[in-house]
$ cat coords-v5.txt   # compact mmCIF, C-alpha atoms and all ligand atoms
# COMPACT_ATOMS: atom_id res chain seq x y z
CA MET A 21 -4.48 32.27 37.98
CA SER A 22 -2.82 28.97 38.81
CA ASP A 23 0.89 29.08 39.57
CA GLU A 24 1.20 25.36 40.23
CA HIS A 25 4.77 25.18 38.96
CA GLN A 26 7.70 27.54 38.77
CA LEU A 27 9.98 28.23 35.83
CA ALA A 28 13.62 29.34 35.99
CA VAL A 29 13.83 32.71 34.25
CA ASN A 30 16.98 34.72 33.58
CA GLU A 31 15.40 37.91 32.25
CA ILE A 32 12.30 39.38 30.63
CA PHE A 33 12.74 42.40 28.38
CA TYR A 34 11.23 44.28 25.45
CA SER A 35 13.39 44.67 22.36
CA ILE A 36 13.44 43.73 18.68
CA GLN A 37 13.96 40.34 17.13
CA GLY A 38 17.48 40.47 15.75
CA GLU A 39 17.54 37.24 13.74
CA GLY A 40 15.68 35.23 11.13
CA TYR A 41 12.28 35.71 9.51
CA TRP A 42 10.93 38.19 12.09
CA ILE A 43 14.05 40.36 12.13
CA GLY A 44 13.30 43.92 13.23
CA THR A 45 9.93 43.05 14.83
CA PRO A 46 9.32 44.36 18.37
CA MET A 47 8.95 41.48 20.81
CA VAL A 48 9.08 40.69 24.48
CA PHE A 49 11.78 38.13 25.23
CA VAL A 50 11.44 35.66 28.09
CA ARG A 51 14.92 34.25 28.53
CA PHE A 52 14.82 31.00 30.46
CA ALA A 53 17.78 29.89 32.55
CA GLY A 54 19.62 26.64 31.88
CA CYS A 55 20.70 24.77 28.76
CA ASN A 56 21.58 21.16 27.94
CA LEU A 57 24.39 22.24 25.55
CA ARG A 58 27.60 24.26 26.01
CA CYS A 59 28.44 25.93 22.70
CA PRO A 60 31.83 27.68 23.10
CA TRP A 61 30.62 30.78 21.25
CA CYS A 62 27.35 31.02 23.17
CA ASP A 63 26.46 34.70 23.58
CA THR A 64 24.09 34.08 26.49
CA LYS A 65 26.46 32.21 28.81
CA TYR A 66 25.03 34.22 31.69
CA ALA A 67 21.78 32.28 31.22
CA LEU A 68 23.20 28.75 31.23
CA SER A 69 22.39 28.17 34.89
CA GLY A 70 20.69 29.76 37.87
CA GLY A 71 17.75 32.05 37.20
CA THR A 72 14.83 33.29 39.27
CA GLN A 73 11.94 30.94 39.96
CA MET A 74 8.76 32.55 38.61
CA GLY A 75 5.18 31.36 38.37
CA VAL A 76 3.25 31.64 35.10
CA GLY A 77 1.17 34.51 36.47
CA GLU A 78 4.28 36.44 37.51
CA ILE A 79 5.79 35.97 34.06
CA LEU A 80 2.60 37.21 32.39
CA GLU A 81 2.49 40.28 34.61
CA GLU A 82 6.14 41.09 33.87
CA ILE A 83 5.51 40.73 30.12
CA ARG A 84 2.62 43.18 30.39
CA LYS A 85 4.79 45.58 32.36
CA VAL A 86 7.82 45.65 30.05
CA ALA A 87 5.61 45.90 26.92
CA ARG A 88 3.74 48.80 28.50
CA ARG A 89 0.46 46.85 28.20
CA GLN A 90 0.82 46.55 24.41
CA ILE A 91 0.08 43.20 22.78
CA VAL A 92 3.27 42.24 20.93
CA PRO A 93 4.73 38.82 20.11
CA VAL A 94 6.42 37.04 23.00
CA CYS A 95 9.58 35.07 22.23
CA LEU A 96 10.53 32.23 24.59
CA THR A 97 14.29 31.84 24.42
CA GLY A 98 17.27 31.00 26.59
CA GLY A 99 19.36 29.27 27.52
CA GLU A 100 17.14 26.48 26.27
CA PRO A 101 13.43 27.04 26.97
CA THR A 102 12.32 23.51 26.05
CA ILE A 103 14.01 21.82 29.01
CA GLN A 104 11.32 23.34 31.22
CA LYS A 105 7.57 22.69 31.42
CA ILE A 106 6.37 25.61 29.29
CA HIS A 107 3.11 24.24 27.88
CA THR A 108 0.98 26.03 30.48
CA LEU A 109 2.77 29.32 29.91
CA ILE A 110 2.11 29.13 26.15
CA SER A 111 -1.55 28.43 26.82
CA VAL A 112 -1.85 31.34 29.27
CA LEU A 113 -0.13 33.71 26.84
CA HIS A 114 -2.54 32.68 24.07
CA THR A 115 -5.51 33.30 26.33
CA ALA A 116 -4.09 36.74 27.12
CA GLY A 117 -3.89 37.53 23.40
CA TYR A 118 -0.19 37.10 22.75
CA ARG A 119 1.39 35.41 19.76
CA VAL A 120 4.10 33.03 21.03
CA HIS A 121 7.43 32.38 19.35
CA ILE A 122 10.02 29.94 20.60
CA GLU A 123 13.73 29.51 19.85
CA SER A 124 15.19 26.07 20.59
CA ASN A 125 18.33 24.09 19.90
CA GLY A 126 16.02 21.29 18.78
CA THR A 127 17.31 18.57 21.09
CA VAL A 128 14.00 18.13 22.94
CA ALA A 129 10.78 16.58 21.59
CA PRO A 130 8.23 19.28 20.77
CA ASP A 131 5.46 18.06 23.10
CA GLU A 132 5.78 21.08 25.42
CA TYR A 133 5.98 23.70 22.67
CA MET A 134 3.96 22.39 19.71
CA ALA A 135 1.30 25.01 20.45
CA ALA A 136 3.70 27.90 19.79
CA ASP A 137 2.81 30.07 16.79
CA TRP A 138 6.35 30.22 15.43
CA ILE A 139 9.04 27.62 16.10
CA THR A 140 12.69 28.37 15.40
CA ILE A 141 14.99 25.37 15.57
CA SER A 142 18.69 26.16 15.71
CA PRO A 143 20.67 22.89 15.66
CA LYS A 144 24.18 23.22 17.02
CA THR A 145 27.57 21.87 16.01
CA TYR A 146 30.77 22.95 17.69
CA SER A 147 34.30 21.79 18.36
CA GLY A 148 33.70 18.67 16.32
CA ILE A 149 30.64 17.80 18.42
CA LEU A 150 27.49 17.22 16.41
CA THR A 151 24.35 17.53 18.47
CA HIS A 152 21.42 15.55 17.16
CA PRO A 153 18.21 17.49 16.74
CA HIS A 154 15.04 15.61 17.62
CA THR A 155 13.24 14.63 14.40
CA GLY A 156 9.94 15.84 15.85
CA ALA A 157 11.53 19.22 16.60
CA LEU A 158 12.75 19.55 13.00
CA ARG A 159 9.35 18.61 11.62
CA SER A 160 7.63 21.20 13.80
CA ALA A 161 9.94 24.02 12.64
CA ASN A 162 8.77 27.13 10.84
CA GLU A 163 12.39 28.22 10.62
CA ILE A 164 15.75 26.47 10.83
CA LYS A 165 18.74 28.60 11.69
CA VAL A 166 22.26 27.22 11.61
CA VAL A 167 25.29 29.07 12.96
CA LEU A 168 28.29 28.73 10.66
CA ASP A 169 31.47 28.68 12.74
CA SER A 170 33.87 26.85 10.39
CA ASP A 171 34.13 25.36 6.93
CA ALA A 172 33.07 22.05 8.50
CA SER A 173 29.74 23.51 9.61
CA VAL A 174 28.73 24.10 5.98
CA ALA A 175 28.07 20.40 5.36
CA TRP A 176 26.28 20.24 8.71
CA ALA A 177 23.94 23.05 7.63
CA LYS A 178 23.19 21.50 4.24
CA GLN A 179 21.75 18.34 5.80
CA PHE A 180 18.72 20.28 7.05
CA GLU A 181 17.55 21.37 3.61
CA PRO A 182 14.21 19.73 2.71
CA PRO A 183 13.36 17.06 1.84
CA ALA A 184 16.26 15.64 3.87
CA LEU A 185 15.30 14.60 7.40
CA ARG A 186 11.69 15.22 6.34
CA THR A 187 11.87 18.84 7.36
CA PRO A 188 8.78 20.75 6.11
CA THR A 189 9.11 21.98 2.53
CA HIS A 190 7.86 25.45 3.53
CA VAL A 191 10.48 25.88 6.26
CA CYS A 192 12.56 29.10 6.19
CA LEU A 193 16.29 28.34 6.15
CA TYR A 194 18.93 30.68 7.57
CA VAL A 195 22.65 30.61 8.15
CA GLN A 196 24.07 32.96 10.74
CA PRO A 197 27.71 34.05 11.08
CA GLU A 198 29.16 32.92 14.40
CA SER A 199 29.71 35.97 16.62
CA MET A 200 29.39 38.18 13.50
CA ARG A 201 33.03 37.40 12.66
CA PRO A 202 33.91 38.85 9.21
CA GLU A 203 35.23 35.52 7.90
CA MET A 204 32.03 33.79 8.98
CA MET A 205 29.93 36.53 7.32
CA ASP A 206 31.82 35.84 4.12
CA LEU A 207 31.27 32.10 4.57
CA CYS A 208 27.51 32.72 4.97
CA VAL A 209 27.37 34.83 1.81
CA GLN A 210 29.26 32.19 -0.16
CA PHE A 211 26.97 29.52 1.28
CA VAL A 212 23.69 31.16 0.20
CA LYS A 213 25.09 31.99 -3.24
CA ALA A 214 25.80 28.28 -3.69
CA ASN A 215 22.57 27.20 -1.95
CA PRO A 216 19.87 29.69 -2.97
CA ARG A 217 17.15 28.06 -0.86
CA TRP A 218 18.90 29.67 2.16
CA ARG A 219 19.25 33.24 3.42
CA VAL A 220 21.80 34.99 5.60
CA SER A 221 20.59 36.10 9.02
CA PRO A 222 22.76 38.76 10.63
CA GLN A 223 22.35 39.62 14.31
CA LEU A 224 20.62 42.96 13.95
CA HIS A 225 20.44 43.58 17.71
CA LYS A 226 24.25 43.54 17.81
CA ILE A 227 24.51 45.93 14.87
CA LEU A 228 22.01 48.28 16.54
CA ASN A 229 23.63 47.71 19.94
CA VAL A 230 20.41 46.76 21.70
CA ARG A 231 19.70 43.73 23.87
S1 LIG F 1 22.28 25.91 22.69
FE1 LIG F 1 22.13 28.17 22.68
S2 LIG F 1 21.96 28.77 24.84
FE2 LIG F 1 22.69 26.63 24.80
S3 LIG F 1 24.93 26.81 24.92
FE3 LIG F 1 24.38 26.69 22.72
S4 LIG F 1 24.19 28.85 22.04
FE4 LIG F 1 24.14 28.84 24.32
$ encode --input "coords-v5.txt" --output "structure tokens"
Amino acid sequence: MSDEHQLAVNEIFYSIQGEGYWIGTPMVFVRFAGCNLRCPWCDTKYALSGGTQMGVGEILEEIRKVARRQIVPVCLTGGEPTIQKIHTLISVLHTAGYRVHIESNGTVAPDEYMAADWITISPKTYSGILTHPHTGALRSANEIKVVLDSDASVAWAKQFEPPALRTPTHVCLYVQPESMRPEMMDLCVQFVKANPRWRVSPQLHKILNVR
């Protein structure tokens, strides 16, 4: 297998998807190192830089190892996976029989990850900073997930509801309470009651105390 380029990986582990449409589903997570944003409430700060350089073949072998040779979905996450050249990895994983999911902050054009089977775009706003998701990223999304961290973030979330920004009409829409704070959980509940196209996504992995 060709390992012509290396990718910066923070960790590879087998757990359950804790958020969004696939919540509760067993998956292997490939957490890439590095991110182009710095959200103050980021719960993977340990992955914002550094990482171990791994070839595509090494990553595939580690996925097989942690999943005990079972074929389960593989979720590419971070950090921010889309700032690296991941197209070849997605192709290799497909050839090996894996379904590929990706979680991105949506700031990068989808060229490298269009082939993924499930695309989660999670646009970020924090401390008055509004990041601008790439329109192509939004249009490629199967799922949009917005973290509510203040009353101000409610209006930010609403802008992603189709047909605004030409997001796909079939897209799944989630709001997620920042750091599972009780006041943000309440804000999420109030939000979906007022905007019934949306659902609340808790962070099940934190409730179950798994990675
Ligand atoms: S985009 Fe995600 S990984 Fe990057 S700083 Fe924000 S929460 Fe952390």
$ residues_near_ligand --input "coords-v5.txt" --ligand "ligand LIG 1 (chain F)" --cutoff "6 Å" --atoms "only C-alpha atoms and all ligand atoms" --output "list in words"
Cys55, Leu57, Arg58, Cys59, Cys62, Thr64, Gly98, Gly99, Glu100 and Asn125 of chain A
$ closest_atom_pairs --input "coords-v5.txt" --of "segment 174-208 of chain A" --to "segment 140-160 of chain A" --cutoff "12 Å" --atoms "all atoms listed in the file" --output "tab-separated table"
residue	atom	partner	partner_atom	distance
A:Val174	CA	A:Thr145	CA	10.3
A:Ala175	CA	A:Thr145	CA	10.8
A:Trp176	CA	A:Thr145	CA	7.6
A:Ala177	CA	A:Pro143	CA	8.7
A:Lys178	CA	A:Pro143	CA	11.8
A:Gln179	CA	A:Pro143	CA	10.9
A:Phe180	CA	A:Leu158	CA	8.5
A:Glu181	CA	A:Leu158	CA	10.7
A:Pro182	CA	A:Arg159	CA	10.2
A:Pro183	CA	A:Arg159	CA	10.7
A:Ala184	CA	A:Leu158	CA	10.5
A:Leu185	CA	A:Thr155	CA	7.3
A:Arg186	CA	A:Arg159	CA	6.7
A:Thr187	CA	A:Arg159	CA	5.0
A:Pro188	CA	A:Arg159	CA	5.9
A:Thr189	CA	A:Arg159	CA	9.7
A:His190	CA	A:Arg159	CA	10.7
A:Val191	CA	A:Arg159	CA	9.1
A:Cys192	CA	A:Thr140	CA	9.2
A:Leu193	CA	A:Thr140	CA	9.9
A:Tyr194	CA	A:Ser142	CA	9.3
A:Val195	CA	A:Ser142	CA	9.6
A:Gln196	CA	A:Ser142	CA	10.0
A:Glu198	CA	A:Tyr146	CA	10.6
$ axis_aligned_box --input "coords-v5.txt" --around "segment 137-151 of chain A" --padding-each-side "4 Å" --output "AutoDock Vina command-line options"
--center_x 18.6 --center_y 23.7 --center_z 16.9 --size_x 39.5 --size_y 21.0 --size_z 11.1
$ closest_residue --input "coords-v5.txt" --among "A:Gln210, A:Ser221, A:Gln37, A:Asn30" --to "Thr72 of chain A" --atoms "only C-alpha atoms"
A:Asn30
$ closest_residue --input "coords-v5.txt" --among "A:Met74, A:Ala87, A:Val128, A:Leu80" --to "Ile36 of chain A" --atoms "only C-alpha atoms"
A:Ala87
$ residues_around --input "coords-v5.txt" --residues "Lys226 of chain A" --least-positions-apart "3" --cutoff "10 Å" --atoms "all atoms listed in the file" --output "ChimeraX atom specification"
/A:38,199-200,222-223,229-231
$ write_last_selection --input "coords-v5.txt" --atoms "C-alpha atoms" --output "tab-separated table (two decimals), keeping the file's coordinate frame"
chain	number	residue	atom	x	y	z
A	38	GLY	CA	17.48	40.47	15.75
A	199	SER	CA	29.71	35.97	16.62
A	200	MET	CA	29.39	38.18	13.50
A	222	PRO	CA	22.76	38.76	10.63
A	223	GLN	CA	22.35	39.62	14.31
A	229	ASN	CA	23.63	47.71	19.94
A	230	VAL	CA	20.41	46.76	21.70
A	231	ARG	CA	19.70	43.73	23.87
$ closest_residue --input "coords-v5.txt" --among "A:Ala129, A:Ala53, A:Ile32, A:Ile106" --to "Val94 of chain A" --atoms "only C-alpha atoms"
A:Ile32
$ closest_residue --input "coords-v5.txt" --among "A:Trp61, A:Val166, A:Cys95, A:Ser173" --to "Ile110 of chain A" --atoms "all atoms listed in the file"
A:Cys95
$ atom_distance --input "coords-v5.txt" --atom1 "atom CA of Glu81 of chain A" --atom2 "atom CA of Ile122 of chain A"
19.0 Å
$ atom_distance --input "coords-v5.txt" --atom1 "atom CA of His225 of chain A" --atom2 "atom CA of Arg84 of chain A"
21.9 Å
$ residues_around --input "coords-v5.txt" --residues "Thr102 of chain A" --least-positions-apart "5" --cutoff "8 Å" --atoms "all atoms listed in the file" --output "PDB file with C-alpha atoms, in the coordinates of the input"
ATOM      1  CA  SER A 124      15.190  26.070  20.590  1.00  0.00           C
ATOM      2  CA  VAL A 128      14.000  18.130  22.940  1.00  0.00           C
ATOM      3  CA  PRO A 130       8.230  19.280  20.770  1.00  0.00           C
ATOM      4  CA  GLU A 132       5.780  21.080  25.420  1.00  0.00           C
ATOM      5  CA  TYR A 133       5.980  23.700  22.670  1.00  0.00           C
TER       6      TYR A 133
END
$ closest_residue --input "coords-v5.txt" --among "A:Asp171, A:Ile43, A:Pro101, A:Pro197" --to "Asn56 of chain A" --atoms "all atoms listed in the file"
A:Pro101
